[in-house]
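Participant: This structure is in structure tokens; I'll ask about it shortly.
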Number of protein chains: 2
Amino acid sequence: MAITRREALSELGSLAVGGLSVGIASGLLGSTAHAQVKQPGTTLPWSYSKLDPHKAAERAYKGYFSNRCMFGAFDAVIGELADKHGEPYASFPSQMMAYGGGGVAGWGSLCGALNGAAAAIQLVSRNPEKLIAELYAWSERTALPNVNLNIKANKEDYYPSSSAVKNSVSGSVLCHVIMSKWVAASGKAINSPEKKQRCGQFSGSIAQKTVQLLNDELDGKLVFKYPLTEQTAGCVACHSGKTSLLKNTQGKMDCQSCHVDHTK
Amino acid sequence: MAITRREALSELGSLAVGGLSVGIASGLLGSTAHAQVKQPGTTLPWSYSKLDPHKAAERAYKGYFSNRCMFGAFDAVIGELADKHGEPYASFPSQMMAYGGGGVAGWGSLCGALNGAAAAIQLVSRNPEKLIAELYAWSERTALPNVNLNIKANKEDYYPSSSAVKNSVSGSVLCHVIMSKWVAASGKAINSPEKKQRCGQFSGSIAQKTVQLLNDELDGKLVFKYPLTEQTAGCVACHSGKTSLLKNTQGKMDCQSCHVDHTK
């Protein structure tokens with residue numbers, strides 16, 4: 001161990017200017033506890049400068065078709081910052097985000113676009129947990145995709161032209177649930193061109209919202225509009241987390257997307 | 001667009017030595033399609049050299065207590081490689097993986113240890129989808145945690161000594177489900193010291209298995225032992241993916257962890 005907790009805390013103190021959150025502090029501790037030598041660019045958060053939400057949406061759409069949904073949403077933020085500012089964004093191996101496609105390697109767990117957006121948020125936000133919570137709750141309750149794209153297939157055609165596609169409210173952040181509900185709402189098959197169009201534009205919608213949240217954070221005008229729904233808050237009060245009555249689970253996902261309310 | 005698809009494919013051809021998978025090819029395309037200048041260290045996979053599975057388990061346990069489960073599992077692989085080889089591993093901003101804690105910022109979606117392990121696998125494996133599938137299916141069906149740790153709290157005490165803890169089979173890769181089942185099996189609360197012990201050792205178990213899979217891949221003796229269960233394969237045949245009858249969802253998670261088999 002190259003550095004003690006006390007040294008880490010002291011180093012942290014010298015860095016703790018202007019509202020570093022507890023989450024970030026814990027991040028620094030994690031880094032200093034293990035790293036033998038601190039490399040440039042490994043201290044978070046990286047700085048963020050305003051991006052264009054619509055450009056991010058377009059980039060996520062294109063990124064989806066080259067490297068899947070998690071890459072699409074992540075690259076829409078970090079790739080745009082790399083193009084504007086170079087390092088440390090440019091050296092990030094963004095293609096790694098391919099793993100999140102289809103809810104991680106096709107497993108249908110966490111939606112890849114939401115996974116990639118959370119990763120990007122953690123890199124550049126001073127309030128990552130709050131921004132992620134707002135993004136996730138918004139995505140559960142909003143008819144998506146909601147972007148207005150006018151993309152023409154490029155000459156080499158690795159992505160198709162954007163076209164109108166059915167949106168739906170999923171009530172979930174899980175790929176399997178989101179896709180099942182969208183197939184039911186649209187009547188289109190899971191392997192249809194419309195499904196790819198939907199997931200490309202969904203990646204765009206998540207990227208657009210992520211950039212809006214990051215821009216608002218930078219401007220100091222972030223407003224959190226999506227607390228737990230009344231129904232989920234009711235479940236959570238008894239079951240979820242350390243302040244609950246029974247303390248027998250954890251999570252903030254909409255309970256009704258899998259469970260029936262047994263109190264009714 | 002600095003580079004066309006044809007140029008990208010040509011560049012890909014010159015790089016395509018020794019079994020680059022289709023997934024990796026798609027990763028390279030994703031990168032070349034957007035990046036103005038290709039930075040060193042952004043082409044995947046990074047090289048992997050054998051690690052000690054038990055050391056990885058210990059590091060993941062400690063990492064969990066400093067920066068949560070996703071960081072623990074990720075840093076157990078990439079941090080170990082950084083300590084042995086320096087770059088490009090050392091410059092990776094691993095603290096970003098804090099976002100996955102508690103199924104992403106406490107949302108209870110994908111288990112953070114499994115999210116972090118998949119991210120690490122994608123960075124260094126030539127068969128990331130297959131390795132992730134094996135890891136995830138194994139984790140669904142194995143009583144975890146399964147590591148034998150003998151860790152003493154360090155002088156500064158940021159992690160506690162390891163102690164015996166109840167294991168359980170979760171049938172799921174989702175944090176909320178895994179935790180609900182563990183609380184039921186152990187009788188311990190979600191905010192108990194035993195729960196933290198369990199998640200620290202679970203991160204260790206996932207890291208240990210991940211390193212075993214990566215070592216086996218390197219030795220050319222990878223054996224995939226966890227195809228879909230008979231029951232899930234039955235559901236998938238009708239519902240999931242492009243070869244299914246109805247093509248009305250996607251995913252590989254164990255269906256019975258949320259659904260009743262309606263064919264019985």
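Chain labels follow the order of the structure tokens: the first chain is A, the next B, and so on; residue numbering restarts at 1 in every chain, and ligands are counted from 1 in their shown order.
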Each residue of chain B with at least one atom at most 7 Å from chain A should appear once, together with its nearest atom pair and the corresponding distance in Å (one decimal); atoms considered: only C-alpha atoms; ordering: chain, then increasing residue number; output as CSV.

Facilitator:
residue,atom,partner,partner_atom,distance
B:Arg5,CA,A:Glu156,CA,6.0
B:Ser26,CA,A:Asn67,CA,5.9
B:Gly27,CA,A:Gln95,CA,5.1
B:Leu29,CA,A:Ser66,CA,6.3
B:Gly30,CA,A:Ser66,CA,4.7
B:Ser31,CA,A:Gln95,CA,6.2
B:Gln39,CA,A:Ser91,CA,5.4
B:Pro40,CA,A:Ser91,CA,6.9
B:Gly41,CA,A:Pro93,CA,6.7
B:Thr42,CA,A:Pro93,CA,4.2
B:Thr43,CA,A:Pro93,CA,6.9
B:Gly63,CA,A:Gly30,CA,6.6
B:Ser66,CA,A:Gly30,CA,4.8
B:Asn67,CA,A:Gly30,CA,5.1
B:Ala90,CA,A:Gln39,CA,6.5
B:Ser91,CA,A:Gln39,CA,5.4
B:Phe92,CA,A:Thr42,CA,6.4
B:Pro93,CA,A:Thr42,CA,4.2
B:Gln95,CA,A:Gly27,CA,5.1
B:Met96,CA,A:Gln122,CA,5.6
B:Ala98,CA,A:Gly27,CA,6.6
B:Tyr99,CA,A:Gln122,CA,6.0
B:Ala105,CA,A:Glu129,CA,5.4
B:Gly106,CA,A:Gly251,CA,5.6
B:Trp107,CA,A:Gly251,CA,4.3
B:Gly108,CA,A:Gly251,CA,4.0
B:Ser109,CA,A:Leu110,CA,6.0
B:Leu110,CA,A:Leu110,CA,5.5
B:Ala118,CA,A:Tyr99,CA,6.6
B:Ala119,CA,A:Tyr99,CA,6.5
B:Gln122,CA,A:Met96,CA,5.6
B:Leu123,CA,A:Met96,CA,5.7
B:Glu129,CA,A:Ala105,CA,5.4
B:Ile132,CA,A:Ala105,CA,7.0
B:Glu156,CA,A:Arg5,CA,6.0
B:His176,CA,A:Gln250,CA,5.7
B:Met179,CA,A:Thr249,CA,5.7
B:Ser180,CA,A:Thr249,CA,4.8
B:Val183,CA,A:Asn248,CA,5.8
B:Ala189,CA,A:Lys247,CA,5.4
B:Ile190,CA,A:Lys247,CA,5.2
B:Asn191,CA,A:Lys242,CA,5.2
B:Gly241,CA,A:Ile190,CA,6.4
B:Lys242,CA,A:Asn191,CA,5.2
B:Lys247,CA,A:Ile190,CA,5.2
B:Asn248,CA,A:Ile190,CA,5.5
B:Thr249,CA,A:Ser180,CA,4.8
B:Gln250,CA,A:His176,CA,5.7
B:Gly251,CA,A:Gly108,CA,3.9
B:Lys252,CA,A:Trp107,CA,4.4
B:Met253,CA,A:Trp107,CA,5.8

Participant: Can you list, as a list of chain:residue names, every residue of stretch 78-203 of chain B that DSSP puts in strand (DSSP E or B)?

Facilitator: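 Matching residues, listed in order: B:Leu110, B:Leu144, B:Ser168, B:Leu174.
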
Participant: Would you export the selected residues with C-alpha atoms as a PDB file, in the first residue's frame, please?

Facilitator:
ATOM      1  CA  LEU B 110     -27.675  -5.023 -12.996  1.00  0.00           C
ATOM      2  CA  LEU B 144     -22.245 -17.216  -3.842  1.00  0.00           C
ATOM      3  CA  SER B 168     -27.184 -18.301  -1.687  1.00  0.00           C
ATOM      4  CA  LEU B 174     -30.089  -8.243 -11.028  1.00  0.00           C
TER       5      LEU B 174
END

Participant: Measuring atom to atom with only C-alpha atoms, identify which of A:Ala207, A:Leu214, A:Ile78, A:Ala185 is nearest to A:Lys55.

Facilitator: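 Once distances to A:Lys55 are computed over only C-alpha atoms, the minimum belongs to A:Ala207.
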
Participant: Give me the residues within 7 Å of B:Ala73 as a list in words, counting only C-alpha atoms and dropping any in the same chain fewer than 2 places off.

Facilitator: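 In the requested format, the answer is Ala60, Cys69, Met70, Phe71, Asp75, Ala76, Ala113, Gly116, Ala117, Ser203, Gly204, Ile206 and Ala207 of chain B.
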
Participant: Could you write those residues out with C-alpha atoms, as a compact mmCIF listing (two decimals), in the first residue's frame?

Facilitator:
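That gives us part14.txt:
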# COMPACT_ATOMS: atom_id res chain seq x y z
CA ALA B 60 -12.13 -6.96 -5.23
CA CYS B 69 -19.01 -3.46 -6.10
CA MET B 70 -18.55 -2.47 -9.76
CA PHE B 71 -15.21 -0.84 -8.98
CA ASP B 75 -10.21 -3.00 -10.45
CA ALA B 76 -9.43 -6.59 -9.48
CA ALA B 113 -19.84 -6.69 -9.70
CA GLY B 116 -17.67 -4.23 -13.72
CA ALA B 117 -16.50 -7.72 -14.64
CA SER B 203 -17.34 -9.01 -5.69
CA GLY B 204 -14.38 -11.23 -4.85
CA ILE B 206 -17.01 -12.59 -9.47
CA ALA B 207 -13.45 -11.27 -9.84

Participant: One number please: atom CA of B:Lys264 to atom CA of B:Thr142, in Å, one decimal.

Facilitator: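 Interatomic distance here is 25.7 Å.
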
Participant: As number ranges by chain, please: the residues near B:Leu222 (cut-off 12 Å, only C-alpha atoms, same-chain neighbours under 4 positions excluded).

Facilitator: B: 125-127, 130-131, 134, 210-218

Participant: Identify, with DSSP run on backbone atoms, the residues in stretch 4-236 of chain B assigned to alpha helix (DSSP H), and express the list as a PyMOL selection string.

Facilitator: chain B and resi 5-15+22-34+53-85+112-124+128-141+175-186+193-219+230-236

Participant: Next, write the just-selected residues to a file, as a CSV table (one decimal), in the first residue's frame, keeping C-alpha atoms as the atom set.

Facilitator:
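Result saved to result_5.csv:
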chain,number,residue,atom,x,y,z
B,5,ARG,CA,-16.0,2.9,-43.8
B,6,ARG,CA,-13.8,1.5,-46.6
B,7,GLU,CA,-10.7,3.0,-45.1
B,8,ALA,CA,-11.8,1.7,-41.7
B,9,LEU,CA,-12.2,-1.8,-43.1
B,10,SER,CA,-8.9,-1.6,-44.8
B,11,GLU,CA,-7.3,-0.5,-41.5
B,12,LEU,CA,-9.2,-3.3,-39.8
B,13,GLY,CA,-7.8,-5.8,-42.3
B,14,SER,CA,-4.2,-4.8,-41.5
B,15,LEU,CA,-5.0,-5.2,-37.8
B,22,VAL,CA,-16.6,-10.0,-35.0
B,23,GLY,CA,-17.4,-8.1,-31.9
B,24,ILE,CA,-14.0,-6.6,-31.8
B,25,ALA,CA,-14.2,-5.7,-35.5
B,26,SER,CA,-17.4,-3.9,-34.8
B,27,GLY,CA,-15.6,-2.1,-31.9
B,28,LEU,CA,-12.9,-0.9,-34.2
B,29,LEU,CA,-15.4,0.4,-36.7
B,30,GLY,CA,-17.2,2.2,-34.0
B,31,SER,CA,-14.0,3.9,-33.0
B,32,THR,CA,-12.7,4.8,-36.5
B,33,ALA,CA,-16.1,6.0,-37.6
B,34,HIS,CA,-16.0,8.8,-35.0
B,53,PRO,CA,-7.5,-15.5,-9.2
B,54,HIS,CA,-7.2,-15.5,-5.4
B,55,LYS,CA,-5.3,-12.1,-5.4
B,56,ALA,CA,-8.0,-10.7,-7.6
B,57,ALA,CA,-10.7,-11.9,-5.1
B,58,GLU,CA,-8.8,-10.2,-2.3
B,59,ARG,CA,-8.5,-7.0,-4.3
B,60,ALA,CA,-12.1,-7.0,-5.2
B,61,TYR,CA,-13.1,-7.4,-1.6
B,62,LYS,CA,-11.0,-4.4,-0.6
B,63,GLY,CA,-12.2,-2.4,-3.6
B,64,TYR,CA,-15.8,-3.0,-2.7
B,65,PHE,CA,-15.3,-1.2,0.7
B,66,SER,CA,-13.5,1.7,-0.9
B,67,ASN,CA,-15.6,2.3,-4.0
B,68,ARG,CA,-18.4,-0.2,-4.2
B,69,CYS,CA,-19.0,-3.5,-6.1
B,70,MET,CA,-18.5,-2.5,-9.8
B,71,PHE,CA,-15.2,-0.8,-9.0
B,72,GLY,CA,-14.2,-3.8,-6.9
B,73,ALA,CA,-14.7,-6.4,-9.7
B,74,PHE,CA,-13.3,-4.1,-12.4
B,75,ASP,CA,-10.2,-3.0,-10.5
B,76,ALA,CA,-9.4,-6.6,-9.5
B,77,VAL,CA,-8.6,-7.2,-13.1
B,78,ILE,CA,-7.5,-3.9,-14.6
B,79,GLY,CA,-5.8,-2.6,-11.4
B,80,GLU,CA,-3.8,-5.8,-11.1
B,81,LEU,CA,-2.7,-5.5,-14.8
B,82,ALA,CA,-1.8,-1.8,-14.1
B,83,ASP,CA,0.4,-2.8,-11.2
B,84,LYS,CA,2.1,-5.5,-13.3
B,85,HIS,CA,2.4,-3.7,-16.6
B,112,GLY,CA,-22.4,-3.9,-10.0
B,113,ALA,CA,-19.8,-6.7,-9.7
B,114,LEU,CA,-21.2,-8.3,-12.9
B,115,ASN,CA,-21.3,-4.9,-14.6
B,116,GLY,CA,-17.7,-4.2,-13.7
B,117,ALA,CA,-16.5,-7.7,-14.6
B,118,ALA,CA,-18.1,-7.4,-18.1
B,119,ALA,CA,-16.4,-4.0,-18.6
B,120,ALA,CA,-13.0,-5.5,-17.7
B,121,ILE,CA,-13.7,-8.6,-19.9
B,122,GLN,CA,-14.5,-6.4,-22.9
B,123,LEU,CA,-11.2,-4.5,-22.4
B,124,VAL,CA,-8.9,-7.6,-22.5
B,128,PRO,CA,-16.0,-11.0,-24.6
B,129,GLU,CA,-19.6,-12.1,-25.4
B,130,LYS,CA,-18.9,-15.7,-24.7
B,131,LEU,CA,-16.9,-15.0,-21.5
B,132,ILE,CA,-19.6,-12.7,-20.2
B,133,ALA,CA,-22.3,-15.3,-21.0
B,134,GLU,CA,-20.4,-18.0,-19.1
B,135,LEU,CA,-19.8,-15.7,-16.1
B,136,TYR,CA,-23.4,-14.5,-15.9
B,137,ALA,CA,-24.9,-18.0,-16.2
B,138,TRP,CA,-22.5,-19.4,-13.7
B,139,SER,CA,-23.3,-16.6,-11.3
B,140,GLU,CA,-27.1,-17.2,-11.6
B,141,ARG,CA,-26.7,-20.9,-10.7
B,175,CYS,CA,-29.0,-6.6,-7.8
B,176,HIS,CA,-32.5,-6.2,-6.4
B,177,VAL,CA,-33.4,-9.9,-7.0
B,178,ILE,CA,-30.0,-11.1,-5.7
B,179,MET,CA,-30.3,-9.0,-2.5
B,180,SER,CA,-33.9,-9.9,-1.8
B,181,LYS,CA,-33.0,-13.6,-2.0
B,182,TRP,CA,-29.9,-13.3,0.1
B,183,VAL,CA,-31.8,-11.4,2.8
B,184,ALA,CA,-34.4,-14.1,2.8
B,185,ALA,CA,-31.8,-16.9,3.0
B,186,SER,CA,-29.6,-15.2,5.6
B,193,PRO,CA,-22.5,-5.6,8.4
B,194,GLU,CA,-23.2,-9.1,7.1
B,195,LYS,CA,-24.7,-7.7,3.9
B,196,LYS,CA,-21.6,-5.6,3.2
B,197,GLN,CA,-19.5,-8.7,4.0
B,198,ARG,CA,-21.6,-10.6,1.5
B,199,CYS,CA,-21.3,-8.1,-1.3
B,200,GLY,CA,-17.6,-7.6,-0.7
B,201,GLN,CA,-17.0,-11.4,-0.9
B,202,PHE,CA,-19.5,-11.6,-3.9
B,203,SER,CA,-17.3,-9.0,-5.7
B,204,GLY,CA,-14.4,-11.2,-4.8
B,205,SER,CA,-16.2,-14.3,-6.2
B,206,ILE,CA,-17.0,-12.6,-9.5
B,207,ALA,CA,-13.4,-11.3,-9.8
B,208,GLN,CA,-12.0,-14.7,-9.1
B,209,LYS,CA,-14.2,-16.4,-11.7
B,210,THR,CA,-13.5,-13.6,-14.3
B,211,VAL,CA,-9.7,-14.1,-13.9
B,212,GLN,CA,-10.1,-17.9,-14.1
B,213,LEU,CA,-12.0,-17.4,-17.4
B,214,LEU,CA,-9.5,-15.0,-18.8
B,215,ASN,CA,-6.6,-17.3,-17.8
B,216,ASP,CA,-8.3,-20.2,-19.5
B,217,GLU,CA,-8.9,-18.1,-22.6
B,218,LEU,CA,-5.2,-17.2,-22.7
B,219,ASP,CA,-4.2,-20.9,-22.3
B,230,GLU,CA,-33.6,-26.3,-20.3
B,231,GLN,CA,-36.5,-24.3,-18.9
B,232,THR,CA,-35.1,-20.9,-20.1
B,233,ALA,CA,-34.2,-22.4,-23.5
B,234,GLY,CA,-37.8,-23.5,-23.8
B,235,CYS,CA,-39.0,-19.9,-23.2
B,236,VAL,CA,-36.4,-18.5,-25.6

Participant: Could you jot down the atom CA of A:Ser163 to atom CA of A:Ala143 separation for me, Å, one decimal place?

Facilitator: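 These two atoms are separated by 16.7 Å.
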